[in-house]
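Read the structure below first, then the notes.
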Amino acid sequence: YVFPLLHAFLHRPSNSVQAIVSPRASLLRKASCSVGLQIRWHHLRAYLDAWGYNHPQRTVSKFVNCAAALCPFDQHTVLFVATDFKYIRDIVQEVLGEQMRQTAVETSPNLARSCGADRMQPCSTWQSSTASEGDAARAVDGVRSGVWADSSCTHTWDDLSGTGTTDPTWMVDMEISQLVVAVRLHNRIDCCPERLQGVDIHIGNSRVPSENTLCASNIHVRAGDASLVWCHDG
């Protein structure tokens with residue numbers, strides 16, 4: 001909950017401020033954790049000048065992330081933000097919105113491992129070709145190691161071998177219709193990070209990728225990274 005009226009809790013508020021703040025007092029009483037953050041424009045300018053930044057959004061994000069780290073970022077936390085500049089408030093709301101989306105994804109189940117009768121089994125997978133025993137099922141085995149020797153990385157033939165495809169594809173069948181808002185891609189850390197570059201992600205029921213809805217395109221994942229990719233409509 002974000003609103004620029006923290007001072008209402010610090011001194012006797014005016015009637016107009018009281019009218020806005022009072023209905024929110026119950027939120028504070030019910031919260032398991034609460035934190036206040038005050039960002040004044042002249043304070044922000046001082047930081048910008050001292051750090052040589054010309055990106056106020058990046059600076060405000062640092063403040064918000066620091067405050068948010070003091071409490072679990074969930075529905076039981078209340079974050080009060082005081083500011084005297086609407087632009088700062090808009091940045092705060094944008095940053096918090098991204099934090100909420102991130103938290104929702106981090107705490108939600110992995111749909112690629114939500115199959116079977118108990119909805120707790122790895123879903124079936126398929127890929128366009130397989131090399132060096134790098135089976136498609138490795139991508140949903142629950143092991144997130146980026147080291148090939150740990151036997152958890154998939155591997156298709158590249159187009160230079162003459163036995164694979166110029167458009168390598170990996171798929172997972174989640175058995176039932178699911179709402180997919182984001183996909184996490186893990187890249188190898190020990191070799192060949194260029195193999196997971198320019199990736200397109202499609203969501204749908206067809207085994208032909210181009211016939212499905214495009215979630216995201218031309219995704220690049222750095223070596224050892226676990227990139228969270230948001231679908232356009234997510």
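By order in the structure tokens, chains are A, B, ...; within a chain, residues start at 1; ligands start at 1, following the order shown.
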
Determine, counting only C-alpha atoms, which protein, DNA and RNA residues have an atom within 7 Å of an atom of Cys215 of chain A; residues of the same chain fewer than 5 positions away are not included. Present the result as an mmCIF file with N, CA and C atoms, in the first residue's frame.
```
data_model
loop_
_atom_site.group_PDB
_atom_site.id
_atom_site.type_symbol
_atom_site.label_atom_id
_atom_site.label_comp_id
_atom_site.auth_asym_id
_atom_site.auth_seq_id
_atom_site.Cartn_x
_atom_site.Cartn_y
_atom_site.Cartn_z
ATOM 1 N N ILE A 201 9.944 -17.877 -27.022
ATOM 2 C CA ILE A 201 9.107 -18.705 -26.143
ATOM 3 C C ILE A 201 7.664 -18.604 -26.605
ATOM 4 N N HIS A 202 7.048 -19.754 -26.874
ATOM 5 C CA HIS A 202 5.655 -19.812 -27.311
ATOM 6 C C HIS A 202 4.837 -20.611 -26.297
ATOM 7 N N ILE A 203 3.600 -20.199 -26.087
ATOM 8 C CA ILE A 203 2.694 -20.884 -25.172
ATOM 9 C C ILE A 203 1.439 -21.285 -25.944
ATOM 10 N N CYS A 231 6.009 -13.039 -19.937
ATOM 11 C CA CYS A 231 5.224 -13.088 -21.175
ATOM 12 C C CYS A 231 4.624 -11.701 -21.436
ATOM 13 N N HIS A 232 4.463 -11.360 -22.702
ATOM 14 C CA HIS A 232 3.958 -10.035 -23.083
ATOM 15 C C HIS A 232 2.623 -9.743 -22.446
#
```

What lies within 6 Å of Asp225 of chain A using only C-alpha atoms, ignoring chain neighbours under 3 positions off, as a short mmCIF file (atom, residue, chain, number, x, y, z; two decimals) with C-alpha atoms, in the first residue's frame?
```cif
data_model
loop_
_atom_site.label_atom_id
_atom_site.label_comp_id
_atom_site.auth_asym_id
_atom_site.auth_seq_id
_atom_site.Cartn_x
_atom_site.Cartn_y
_atom_site.Cartn_z
CA HIS A 186 18.76 -21.54 -16.90
CA ASN A 187 21.96 -21.42 -18.94
CA ARG A 222 24.14 -15.07 -19.91
#
```

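Closest approach to Ala226 of chain A from the set A:Pro193, A:Gly204, A:Gly198, A:Pro209 is made by A:Pro193, with distances taken over only C-alpha atoms.
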
### Message
Just to confirm, what's the straight-line distance from atom CA of Met120 of chain A to atom CA of Ser152 of chain A in Å (one decimal)?
### Response
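Value for the atom CA of Met120 of chain A-atom CA of Ser152 of chain A distance: 18.9 Å.
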
### Query
Could you pull the residues within 12 Å of Arg119 of chain A, counting only C-alpha atoms, minus those fewer than 3 positions along the same chain, as a PyMOL selection string?
chain A and resi 109-116+122-123+174-176

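Counting only C-alpha atoms, the residue from A:Asn205, A:Thr107, A:Gln121, A:Ser145 that sits nearest to Asp173 of chain A is A:Asn205.
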
### Task
Please provide as a PyMOL selection string all residues within 10 Å of Gly134 of chain A, with the sequence filter that same-chain residues fewer than 4 positions apart are discarded (counting only C-alpha atoms).
chain A and resi 129-130+138-139+148+151-157
